[in-house]
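Structure below is entry08.csv: CSV, C-alpha atoms.
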```
chain,number,residue,atom,x,y,z
A,137,MET,CA,11.9,29.6,-16.0
A,138,ALA,CA,10.1,28.1,-13.1
A,139,LYS,CA,7.2,30.3,-13.7
A,140,GLN,CA,7.0,29.3,-17.4
A,141,THR,CA,7.0,25.6,-16.5
A,142,LYS,CA,4.1,26.2,-14.1
A,143,PHE,CA,2.2,27.9,-16.8
A,144,LYS,CA,2.5,25.0,-19.2
A,145,ASP,CA,1.5,22.6,-16.5
A,146,THR,CA,-1.7,24.5,-16.0
A,147,ASP,CA,-2.3,24.4,-19.7
A,148,ILE,CA,-2.1,20.6,-19.7
A,149,GLU,CA,-4.3,20.4,-16.7
A,150,ALA,CA,-7.0,22.4,-18.4
A,151,LEU,CA,-6.7,20.2,-21.5
A,152,ILE,CA,-7.0,17.0,-19.4
A,153,GLY,CA,-9.9,18.3,-17.4
A,154,TRP,CA,-11.6,19.0,-20.8
A,155,VAL,CA,-10.8,15.5,-22.1
A,156,LEU,CA,-12.3,13.9,-19.0
A,157,ARG,CA,-15.4,16.0,-19.0
A,158,ILE,CA,-16.2,15.4,-22.7
A,159,GLY,CA,-15.4,11.6,-22.3
A,160,VAL,CA,-17.7,11.2,-19.3
A,161,PHE,CA,-20.4,13.4,-20.9
A,162,VAL,CA,-20.5,11.6,-24.2
A,163,SER,CA,-20.4,8.1,-22.8
A,164,MET,CA,-23.1,8.9,-20.3
A,165,ILE,CA,-25.4,10.1,-23.1
A,166,VAL,CA,-24.8,6.9,-25.0
A,167,VAL,CA,-25.4,4.8,-21.9
A,168,PHE,CA,-28.6,6.8,-21.2
A,169,ILE,CA,-30.0,6.4,-24.7
A,170,GLY,CA,-29.2,2.7,-24.6
A,171,GLY,CA,-30.9,2.4,-21.2
A,172,VAL,CA,-34.1,4.1,-22.4
A,173,ILE,CA,-34.3,1.7,-25.4
A,174,TYR,CA,-33.6,-1.3,-23.2
A,175,LEU,CA,-36.2,-0.3,-20.6
A,176,SER,CA,-38.8,0.5,-23.1
A,177,ARG,CA,-38.6,-3.1,-24.4
A,178,HIS,CA,-37.8,-5.1,-21.3
A,179,SER,CA,-39.1,-3.2,-18.3
A,180,SER,CA,-41.7,-5.8,-17.2
A,181,GLU,CA,-39.5,-8.8,-17.7
A,182,HIS,CA,-38.2,-10.8,-14.8
A,183,ILE,CA,-34.5,-10.6,-14.2
A,184,ASP,CA,-32.0,-12.5,-12.0
A,185,TYR,CA,-28.3,-12.0,-11.7
A,186,HIS,CA,-27.7,-14.6,-9.0
A,187,GLU,CA,-25.8,-17.0,-11.2
A,188,PHE,CA,-22.7,-15.9,-13.1
A,189,LYS,CA,-23.2,-16.7,-16.8
A,190,GLY,CA,-21.0,-14.1,-18.5
A,191,VAL,CA,-22.7,-11.9,-21.0
A,192,PRO,CA,-24.4,-12.6,-24.3
A,193,ASP,CA,-22.4,-12.2,-27.5
A,194,PHE,CA,-24.1,-9.0,-28.7
A,195,VAL,CA,-22.6,-7.2,-25.7
A,196,HIS,CA,-19.4,-9.1,-25.4
A,197,THR,CA,-17.3,-9.0,-28.6
A,198,LEU,CA,-16.7,-5.8,-30.6
A,199,PRO,CA,-18.3,-7.2,-33.8
A,200,GLY,CA,-21.2,-8.4,-31.7
A,201,ILE,CA,-21.7,-5.0,-30.1
A,202,PHE,CA,-21.4,-3.3,-33.5
A,203,LYS,CA,-24.1,-5.6,-35.0
A,204,GLY,CA,-26.2,-5.1,-31.9
A,205,ILE,CA,-26.1,-1.3,-32.3
A,206,LEU,CA,-27.1,-1.6,-36.0
A,207,ASP,CA,-30.0,-3.8,-34.8
A,208,GLY,CA,-30.9,-1.0,-32.4
A,209,ARG,CA,-30.5,-3.2,-29.3
A,210,GLY,CA,-30.4,-1.2,-26.1
A,211,ARG,CA,-27.9,-3.2,-24.2
A,212,ALA,CA,-25.4,-3.1,-27.1
A,213,ILE,CA,-25.7,0.7,-27.1
A,214,ILE,CA,-25.1,0.8,-23.3
A,215,GLN,CA,-22.1,-1.4,-23.7
A,216,ALA,CA,-20.7,0.9,-26.4
A,217,GLY,CA,-21.1,3.8,-23.9
A,218,ILE,CA,-19.3,1.8,-21.2
A,219,ILE,CA,-16.4,1.1,-23.6
A,220,LEU,CA,-16.2,4.9,-24.3
A,221,LEU,CA,-16.1,5.5,-20.6
A,222,ILE,CA,-13.3,3.0,-20.1
A,223,ALA,CA,-11.5,4.6,-23.0
A,224,THR,CA,-11.7,8.0,-21.3
A,225,PRO,CA,-8.8,7.6,-18.8
A,226,VAL,CA,-6.8,5.9,-21.5
A,227,VAL,CA,-7.3,8.9,-23.8
A,228,ARG,CA,-6.3,11.1,-20.9
A,229,ILE,CA,-3.0,9.2,-20.6
A,230,ILE,CA,-2.4,9.9,-24.3
A,231,PHE,CA,-3.0,13.6,-23.8
A,232,SER,CA,-0.7,13.5,-20.7
A,233,ALA,CA,2.0,12.1,-22.9
A,234,ILE,CA,1.5,14.8,-25.5
A,235,GLY,CA,1.6,17.4,-22.7
A,236,PHE,CA,4.8,16.1,-21.3
A,237,MET,CA,6.2,16.0,-24.9
A,238,ILE,CA,5.5,19.7,-25.4
A,239,GLU,CA,7.2,20.4,-22.0
A,240,LYS,CA,10.1,18.4,-23.3
A,241,ASP,CA,9.9,16.3,-20.0
A,242,TYR,CA,11.1,13.1,-21.6
A,243,LEU,CA,11.3,11.3,-18.3
A,244,TYR,CA,7.5,11.7,-17.9
A,245,VAL,CA,6.8,10.9,-21.6
A,246,GLY,CA,8.5,7.6,-20.8
A,247,ILE,CA,6.6,7.0,-17.6
A,248,THR,CA,3.3,7.9,-19.3
A,249,LEU,CA,3.9,5.5,-22.3
A,250,LEU,CA,4.8,2.8,-19.8
A,251,VAL,CA,1.4,3.1,-18.1
A,252,LEU,CA,-0.2,3.0,-21.5
A,253,PHE,CA,1.8,-0.1,-22.4
A,254,ILE,CA,0.6,-1.9,-19.2
A,255,ILE,CA,-3.0,-1.2,-20.1
A,256,VAL,CA,-2.5,-2.5,-23.7
A,257,VAL,CA,-1.0,-5.7,-22.2
A,258,GLY,CA,-4.2,-6.1,-20.2
A,259,MET,CA,-6.2,-5.7,-23.4
A,260,LEU,CA,-4.3,-8.3,-25.3
A,261,THR,CA,-4.0,-10.9,-22.5
A,262,GLY,CA,-7.4,-10.5,-20.9
A,263,HIS,CA,-8.7,-13.8,-22.0
A,264,GLY,CA,-5.8,-15.8,-20.5
A,265,GLY,CA,-5.0,-16.6,-16.9
B,289,MET,CA,-38.0,-8.6,-9.6
B,290,SER,CA,-38.9,-6.8,-12.8
B,291,VAL,CA,-36.3,-5.0,-14.8
B,292,LEU,CA,-37.9,-1.6,-14.2
B,293,VAL,CA,-38.1,-1.9,-10.4
B,294,LEU,CA,-34.6,-3.3,-10.1
B,295,THR,CA,-33.2,-0.6,-12.3
B,296,LEU,CA,-34.8,2.1,-10.2
B,297,ILE,CA,-33.7,0.7,-6.9
B,298,ILE,CA,-30.1,0.4,-8.2
B,299,LEU,CA,-30.3,3.9,-9.6
B,300,VAL,CA,-31.2,5.5,-6.2
B,301,GLY,CA,-28.7,3.3,-4.2
B,302,ALA,CA,-26.0,4.2,-6.7
B,303,TYR,CA,-26.7,7.9,-6.3
B,304,PHE,CA,-26.0,7.8,-2.6
B,305,ALA,CA,-23.0,5.5,-3.1
B,306,GLY,CA,-21.5,8.1,-5.5
B,307,LEU,CA,-22.3,11.0,-3.2
B,308,LEU,CA,-20.7,9.4,-0.1
B,309,GLY,CA,-17.8,8.0,-2.1
B,310,SER,CA,-16.9,11.4,-3.6
B,311,LEU,CA,-17.2,13.3,-0.2
B,312,THR,CA,-14.9,10.9,1.5
B,313,GLY,CA,-12.5,10.3,-1.4
B,314,LEU,CA,-13.0,6.5,-1.0
B,315,GLY,CA,-15.1,5.9,-4.1
B,316,GLY,CA,-18.6,4.6,-4.6
B,317,GLY,CA,-17.6,1.0,-5.1
B,318,VAL,CA,-17.5,0.2,-1.3
B,319,VAL,CA,-21.2,0.9,-1.0
B,320,ILE,CA,-22.5,-0.3,-4.3
B,321,ILE,CA,-21.0,-3.8,-4.1
B,322,PRO,CA,-22.7,-4.8,-0.8
B,323,LEU,CA,-26.0,-3.2,-2.0
B,324,LEU,CA,-25.9,-5.4,-5.2
B,325,THR,CA,-24.7,-8.6,-3.6
B,326,ILE,CA,-26.3,-8.7,-0.2
B,327,GLY,CA,-29.3,-6.4,-0.9
B,328,LEU,CA,-30.3,-7.6,-4.3
B,329,GLY,CA,-28.7,-11.0,-4.6
B,330,VAL,CA,-26.5,-10.1,-7.6
B,331,ASN,CA,-23.6,-12.4,-8.3
B,332,ILE,CA,-20.4,-10.9,-7.0
B,333,HIS,CA,-18.7,-11.0,-10.4
B,334,TYR,CA,-21.4,-8.9,-12.0
B,335,ALA,CA,-21.4,-6.6,-9.0
B,336,ILE,CA,-17.6,-6.1,-9.3
B,337,GLY,CA,-18.0,-5.4,-13.0
B,338,ALA,CA,-20.7,-2.8,-12.6
B,339,SER,CA,-18.9,-1.2,-9.7
B,340,LEU,CA,-15.7,-0.9,-11.6
B,341,VAL,CA,-17.4,0.9,-14.4
B,342,SER,CA,-18.9,3.3,-12.0
B,343,VAL,CA,-15.5,3.9,-10.4
B,344,ILE,CA,-14.2,5.1,-13.7
B,345,ALA,CA,-17.1,7.5,-14.1
B,346,THR,CA,-16.7,8.8,-10.5
B,347,SER,CA,-13.0,9.3,-10.8
B,348,SER,CA,-13.1,11.0,-14.2
B,349,GLY,CA,-16.1,13.1,-13.3
B,350,SER,CA,-14.6,14.6,-10.2
B,351,ALA,CA,-11.0,14.6,-11.4
B,352,ALA,CA,-12.1,17.0,-14.2
B,353,ALA,CA,-13.2,19.5,-11.5
B,354,TYR,CA,-10.1,19.0,-9.3
B,355,VAL,CA,-7.6,19.2,-12.1
B,356,LYS,CA,-9.0,22.6,-13.0
B,357,GLU,CA,-8.4,23.8,-9.5
B,358,GLY,CA,-4.7,23.0,-9.8
B,359,ILE,CA,-4.6,20.8,-6.6
B,360,THR,CA,-3.9,17.5,-8.3
B,361,ASN,CA,-0.2,16.6,-8.7
B,362,MET,CA,-0.1,15.0,-12.2
B,363,ARG,CA,3.5,13.8,-11.9
B,364,ILE,CA,2.9,11.9,-8.7
B,365,GLY,CA,-0.3,10.5,-10.2
B,366,MET,CA,1.4,9.4,-13.4
B,367,PHE,CA,4.4,7.9,-11.7
B,368,LEU,CA,2.4,5.9,-9.2
B,369,GLU,CA,0.0,4.7,-12.0
B,370,ILE,CA,2.8,2.4,-13.1
B,371,ALA,CA,2.3,0.6,-9.8
B,372,THR,CA,-1.5,0.7,-9.7
B,373,THR,CA,-2.1,-0.4,-13.3
B,374,THR,CA,0.3,-3.3,-12.9
B,375,GLY,CA,-1.4,-4.3,-9.7
B,376,ALA,CA,-4.8,-3.9,-11.3
B,377,LEU,CA,-4.0,-6.4,-14.0
B,378,ILE,CA,-2.7,-8.9,-11.4
B,379,GLY,CA,-5.9,-8.3,-9.4
B,380,ALA,CA,-8.2,-8.8,-12.3
B,381,MET,CA,-6.4,-12.1,-13.2
B,382,LEU,CA,-6.7,-13.3,-9.6
B,383,SER,CA,-10.4,-12.5,-9.4
B,384,LEU,CA,-11.1,-15.5,-11.8
B,385,VAL,CA,-9.3,-18.0,-9.6
B,386,ILE,CA,-10.3,-16.8,-6.1
B,387,HIS,CA,-13.7,-18.1,-5.0
B,388,ALA,CA,-16.6,-15.7,-4.5
B,389,PRO,CA,-16.8,-16.2,-0.6
B,390,ILE,CA,-13.1,-15.4,-0.2
B,391,ILE,CA,-13.5,-12.3,-2.3
B,392,ALA,CA,-16.4,-11.3,-0.1
B,393,VAL,CA,-14.3,-11.7,3.0
B,394,ILE,CA,-11.4,-9.8,1.6
B,395,PHE,CA,-13.8,-7.1,0.6
B,396,GLY,CA,-15.2,-6.8,4.1
B,397,VAL,CA,-11.7,-6.5,5.6
B,398,ILE,CA,-10.7,-3.8,3.1
B,399,LEU,CA,-14.0,-2.0,3.9
B,400,ILE,CA,-13.4,-1.9,7.6
B,401,PHE,CA,-9.9,-0.7,7.0
B,402,SER,CA,-11.3,2.0,4.7
B,403,SER,CA,-13.8,3.3,7.3
B,404,ILE,CA,-11.1,3.4,10.0
B,405,MET,CA,-8.8,5.3,7.7
B,406,SER,CA,-11.5,7.8,6.9
B,407,LEU,CA,-11.9,8.7,10.6
B,408,ARG,CA,-8.2,9.0,11.3
B,409,LYS,CA,-6.9,12.5,12.3
B,410,LYS,CA,-5.2,14.2,9.5
B,411,ASP,CA,-1.7,15.3,9.9
B,412,THR,CA,-1.7,18.8,8.5
B,413,THR,CA,2.0,19.5,8.7
B,414,VAL,CA,3.6,20.1,5.3
B,415,LEU,CA,6.9,18.4,4.6
B,416,GLN,CA,9.5,20.9,3.4
B,417,THR,CA,12.5,18.5,2.9
B,418,GLU,CA,12.8,16.7,-0.4
B,419,SER,CA,14.1,13.1,-0.8
B,420,PRO,CA,16.6,12.6,-3.6
B,421,TRP,CA,14.1,10.3,-5.5
B,422,ALA,CA,11.3,12.8,-5.2
B,423,GLN,CA,13.7,15.4,-6.6
B,424,LYS,CA,14.8,13.2,-9.5
B,425,LEU,CA,11.2,12.4,-10.4
B,426,LYS,CA,10.1,16.0,-9.9
B,427,LEU,CA,7.3,14.9,-7.5
B,428,ASN,CA,7.5,17.9,-5.2
B,429,GLY,CA,4.9,20.6,-5.9
B,430,SER,CA,2.7,23.3,-4.6
B,431,TYR,CA,-1.0,23.8,-4.3
B,432,PRO,CA,-3.3,26.8,-3.9
B,433,THR,CA,-4.9,27.6,-0.5
B,434,ALA,CA,-6.8,30.6,0.9
B,435,ASP,CA,-3.4,31.9,2.2
B,436,GLY,CA,-1.6,31.5,-1.1
B,437,GLU,CA,0.5,28.8,-2.7
B,438,VAL,CA,1.8,26.1,-0.3
B,439,LYS,CA,4.9,24.2,-1.3
B,440,TYR,CA,5.4,20.6,-0.2
B,441,GLY,CA,8.0,17.9,-0.4
B,442,VAL,CA,7.6,14.2,-0.9
B,443,ARG,CA,9.5,11.3,0.9
B,444,LYS,CA,9.8,7.5,0.8
B,445,VAL,CA,9.0,7.2,-2.9
B,446,GLY,CA,9.8,3.4,-3.0
B,447,GLY,CA,7.5,2.6,0.0
B,448,GLY,CA,4.7,4.5,-1.6
B,449,PHE,CA,5.2,2.7,-4.9
B,450,VAL,CA,5.0,-0.7,-3.3
B,451,MET,CA,1.8,0.3,-1.4
B,452,MET,CA,0.3,1.5,-4.7
B,453,LEU,CA,1.0,-1.9,-6.3
B,454,PHE,CA,-1.0,-3.5,-3.5
B,455,ALA,CA,-3.8,-0.9,-3.9
B,456,GLY,CA,-3.9,-1.8,-7.6
B,457,VAL,CA,-4.2,-5.5,-6.9
B,458,ILE,CA,-7.1,-4.8,-4.5
B,459,SER,CA,-8.8,-2.5,-7.0
B,460,GLY,CA,-8.6,-5.1,-9.8
B,461,LEU,CA,-9.7,-8.0,-7.5
B,462,LEU,CA,-12.6,-6.2,-5.9
B,463,GLY,CA,-13.8,-3.7,-8.5
B,464,ILE,CA,-13.3,-0.7,-6.2
B,465,GLY,CA,-11.1,2.3,-6.6
B,466,SER,CA,-9.3,1.4,-3.3
B,467,GLY,CA,-8.9,5.1,-2.6
B,468,SER,CA,-8.2,4.5,1.0
B,469,LEU,CA,-5.1,2.4,0.2
B,470,LYS,CA,-3.9,5.0,-2.2
B,471,VAL,CA,-4.4,7.7,0.4
B,472,VAL,CA,-2.3,5.5,2.9
B,473,ALA,CA,0.5,5.4,0.4
B,474,MET,CA,0.4,9.1,-0.3
B,475,ASP,CA,-0.5,10.5,3.1
B,476,SER,CA,1.2,8.3,5.7
B,477,ILE,CA,4.1,7.0,3.7
B,478,MET,CA,5.0,9.7,1.2
B,479,ARG,CA,3.6,12.5,3.4
B,480,ILE,CA,1.8,14.3,0.6
B,481,PRO,CA,-0.6,17.0,2.0
B,482,PHE,CA,-4.1,15.6,2.4
B,483,LYS,CA,-5.8,17.7,-0.2
B,484,VAL,CA,-3.3,16.9,-2.8
B,485,SER,CA,-3.3,13.1,-2.0
B,486,THR,CA,-7.1,12.9,-2.1
B,487,THR,CA,-7.5,14.6,-5.4
B,488,THR,CA,-4.4,12.9,-6.9
B,489,SER,CA,-5.8,9.5,-5.7
B,490,ASN,CA,-9.1,10.4,-7.4
B,491,PHE,CA,-7.2,11.2,-10.6
B,492,MET,CA,-5.4,7.9,-10.6
B,493,ILE,CA,-8.4,5.7,-9.8
B,494,GLY,CA,-9.8,6.0,-13.3
B,495,VAL,CA,-6.7,4.8,-15.0
B,496,THR,CA,-6.2,2.0,-12.5
B,497,ALA,CA,-9.8,0.9,-13.0
B,498,ALA,CA,-9.5,1.1,-16.8
B,499,ALA,CA,-6.6,-1.4,-16.6
B,500,SER,CA,-8.7,-4.0,-14.9
B,501,ALA,CA,-11.9,-3.0,-16.8
B,502,VAL,CA,-10.4,-4.1,-20.1
B,503,VAL,CA,-9.9,-7.5,-18.6
B,504,TYR,CA,-13.4,-7.6,-17.0
B,505,LEU,CA,-15.0,-6.7,-20.4
B,506,GLN,CA,-13.3,-9.8,-22.0
B,507,ARG,CA,-14.4,-12.0,-19.1
B,508,GLY,CA,-18.0,-11.0,-19.4
B,509,TYR,CA,-18.1,-9.4,-15.9
B,510,ILE,CA,-19.7,-6.2,-17.2
B,511,ASP,CA,-23.4,-6.7,-17.8
B,512,PRO,CA,-24.8,-3.5,-19.5
B,513,ALA,CA,-28.3,-3.8,-18.1
B,514,LEU,CA,-26.9,-3.8,-14.6
B,515,ALA,CA,-24.0,-1.4,-15.1
B,516,MET,CA,-26.3,1.2,-16.7
B,517,PRO,CA,-28.2,2.3,-13.5
B,518,VAL,CA,-25.0,1.9,-11.4
B,519,VAL,CA,-22.9,4.1,-13.6
B,520,ILE,CA,-25.5,6.8,-14.1
B,521,GLY,CA,-26.5,6.9,-10.4
B,522,VAL,CA,-22.9,6.9,-9.1
B,523,LEU,CA,-21.9,9.6,-11.5
B,524,LEU,CA,-24.7,12.0,-10.5
B,525,GLY,CA,-24.0,11.3,-6.9
B,526,ALA,CA,-20.3,12.0,-7.4
B,527,LEU,CA,-21.0,15.3,-9.2
B,528,THR,CA,-23.2,16.4,-6.3
B,529,GLY,CA,-20.4,15.4,-3.9
B,530,SER,CA,-17.6,17.2,-5.7
B,531,LYS,CA,-19.7,20.4,-5.7
B,532,ILE,CA,-20.2,20.1,-1.9
B,533,LEU,CA,-16.5,19.3,-1.3
B,534,VAL,CA,-15.2,22.3,-3.3
B,535,ASN,CA,-17.5,24.7,-1.4
B,536,SER,CA,-17.1,23.4,2.2
B,537,THR,CA,-14.1,23.2,4.5
B,538,SER,CA,-15.2,20.4,6.8
B,539,SER,CA,-17.1,17.2,6.2
B,540,GLY,CA,-16.4,15.7,9.6
B,541,TRP,CA,-19.8,14.4,10.5
B,542,LEU,CA,-20.2,12.8,7.0
B,543,ARG,CA,-17.1,10.8,7.6
B,544,TRP,CA,-18.7,9.4,10.7
B,545,VAL,CA,-21.9,8.5,9.0
B,546,PHE,CA,-20.0,6.9,6.2
B,547,ALA,CA,-17.8,4.9,8.6
B,548,VAL,CA,-20.8,3.5,10.4
B,549,ILE,CA,-22.6,2.5,7.2
B,550,VAL,CA,-19.4,1.0,5.7
B,551,THR,CA,-18.6,-1.0,8.9
B,552,ILE,CA,-22.1,-2.5,9.0
B,553,LEU,CA,-21.8,-3.5,5.3
B,554,ALA,CA,-18.4,-4.9,5.9
B,555,GLY,CA,-19.7,-7.1,8.7
B,556,GLN,CA,-22.4,-8.4,6.5
B,557,MET,CA,-20.0,-9.2,3.6
B,558,ILE,CA,-17.7,-11.1,5.9
B,559,TYR,CA,-20.7,-13.0,7.5
B,560,ASN,CA,-22.1,-13.9,4.1
B,561,GLY,CA,-18.7,-14.9,2.9
B,562,VAL,CA,-17.9,-17.1,5.9
B,563,THR,CA,-21.3,-18.8,5.8
B,564,GLY,CA,-21.0,-19.3,2.0
B,565,LYS,CA,-24.2,-17.3,1.1
B,566,ILE,CA,-22.4,-15.3,-1.5
```
Could I get this structure in the form of C-alpha cells?
Amino acid sequence: MAKQTKFKDTDIEALIGWVLRIGVFVSMIVVFIGGVIYLSRHSSEHIDYHEFKGVPDFVHTLPGIFKGILDGRGRAIIQAGIILLIATPVVRIIFSAIGFMIEKDYLYVGITLLVLFIIVVGMLTGHGG
Amino acid sequence: MSVLVLTLIILVGAYFAGLLGSLTGLGGGVVIIPLLTIGLGVNIHYAIGASLVSVIATSSGSAAAYVKEGITNMRIGMFLEIATTTGALIGAMLSLVIHAPIIAVIFGVILIFSSIMSLRKKDTTVLQTESPWAQKLKLNGSYPTADGEVKYGVRKVGGGFVMMLFAGVISGLLGIGSGSLKVVAMDSIMRIPFKVSTTTSNFMIGVTAAASAVVYLQRGYIDPALAMPVVIGVLLGALTGSKILVNSTSSGWLRWVFAVIVTILAGQMIYNGVTGKI
C-alpha cells in the first residue's frame, strides 16, 4: 500500500515538472518574440524609469493587451508572455489538485483549492487597498 | 540611456543574479533589485515588479528539475503555501502604502539577514520523531541520496506556518522570493533536511510570487520593457545554476562570494533609503 502511494506521488511529480517546464518555455518564447519586436522599433530611444507612472493601457488591461497584440506591439506581446508566466504556478496548483484527487487525498485537495482561492481573491481585489 | 544599452546591461546583470540566486537557494531578486534601483536609477516599484516576475521564472524553471529528482516534498509545499500566499497578498497591499525609502531599508535588512543565513552551518541530523500535526497532515517523507532513501520527520508545524506567513508578506512587499525566510521556517523551526527544504522552498516561491504578481499587474508595477531582459536573464542564469547544483556536492565558496556581494548591496540600499535617494 505504502509502495503504491509512493508510485502515484512520483506520477504527479512528473506531471507537475512537465507543466512547469512547458509553461516557462512557452512564456519565455512569447516574451522573447515581443522583446525582439520592441527592440527593433525602439532600440535607440531614450528611456527613464526614475519616476513611477504605472504602465500604459495597452500593457495594463486585458482588452488593451489583446488589442496591442493585434496591432503587433512588442510590449503588449511581452506582457502577454509575462501573464502566461504568472499563470504557470497557478496551473501547477490546479494539476496538484487533480493529482491529489486521483490519490483520493481529500485533505490535500482541500488545501490545494484553498491556496487557489487565496490567489483568486488577490486577482479580484488587486485594485483596492 | 538608450533602450538597447539599458536592455543589454540588465540582461547581463540578471543572468548573474539568476545564477547566484539558484545556487544559494535565495533567489535572483536580492541582486536584481539593487542593480536596478541603485545601479540604474529605476524606481523601486518597477524594480520590484520586474524582480517578482523573474522570481516566478526562476522558481518554476528550477523546480521543474528538482521535482523530477523526487527531493521536493509537495505536501509540505502545498500546506505552507496557504501561509505564503496569504502573506503575499498582504505584502502586495502594503507596498502601495509604505514609502519607497522605508521599503529600501526593509529590503537592506532582509538582505543582510539572507546573507548571514546562507553562511550558517547546516545541521545535517535527520529528525526521526514525528509530531502529531505532521502526521495528521502527512508531512513526513523521504528523499533519495547516494546511500539510498532517507526518511525524515517534521516538527513544530504551527511555528513554521507563522514564519511562512511572514515570509509571504516580505515576498509581496519586496518582490523577492524570500527563500531565506522560507528556509528558516523549514530548516530551523520544522527541522526538515536541508536538501528537501531548499528544493521545496524553491517550489513554493513561484506560487507565492504569483499571488502578489496578480496584484502588481493591476497596479502597473510590471513594465514589460523592463521585465523582459530581467526575466530572460534571470531564467538563463537559474538554469545554469540548477545544472551546477545537481552535479556538485559543495558550493561553499560560492556562498561566501554571494554573502559578501549581498551585504555590500544591502548596505547601499539602507544608505540610499535613509538619505532618501531612493
Return the neighbours of chain A among the residues of chain B, cut-off 8 Å, counting all atoms listed in the file, as a PyMOL selection string.
-> chain B and resi 289-292+329-331+333-334+341+344-345+348-349+351-353+355-356+358+363+366-367+369-370+373-374+377+381+425+494-495+498-513+516+520
Kindly extract all protein, DNA and RNA residues lying within 6 Å of the coordinates (-18.1, 9.8, -6.5) given in the file, considering only C-alpha atoms, and supply them as number ranges by chain.
-> B: 306-307, 309-310, 315-316, 346, 526
Written selection (C-alpha atoms) as a PDB file, in the coordinates of the input:
```
ATOM      1  CA  GLY B 306     -21.500   8.100  -5.500  1.00  0.00           C
ATOM      2  CA  LEU B 307     -22.300  11.000  -3.200  1.00  0.00           C
ATOM      3  CA  GLY B 309     -17.800   8.000  -2.100  1.00  0.00           C
ATOM      4  CA  SER B 310     -16.900  11.400  -3.600  1.00  0.00           C
ATOM      5  CA  GLY B 315     -15.100   5.900  -4.100  1.00  0.00           C
ATOM      6  CA  GLY B 316     -18.600   4.600  -4.600  1.00  0.00           C
ATOM      7  CA  THR B 346     -16.700   8.800 -10.500  1.00  0.00           C
ATOM      8  CA  ALA B 526     -20.300  12.000  -7.400  1.00  0.00           C
TER       9      ALA B 526
END
```
If we count all atoms listed in the file, what is near region 477-488 of chain B at a cut-off of 7 Å, once residues fewer than 2 positions away on the same chain are taken out, given as number ranges by chain?
-> B: 313, 351, 354, 359-361, 365, 412, 414-415, 442-445, 447-448, 471-475, 490-492
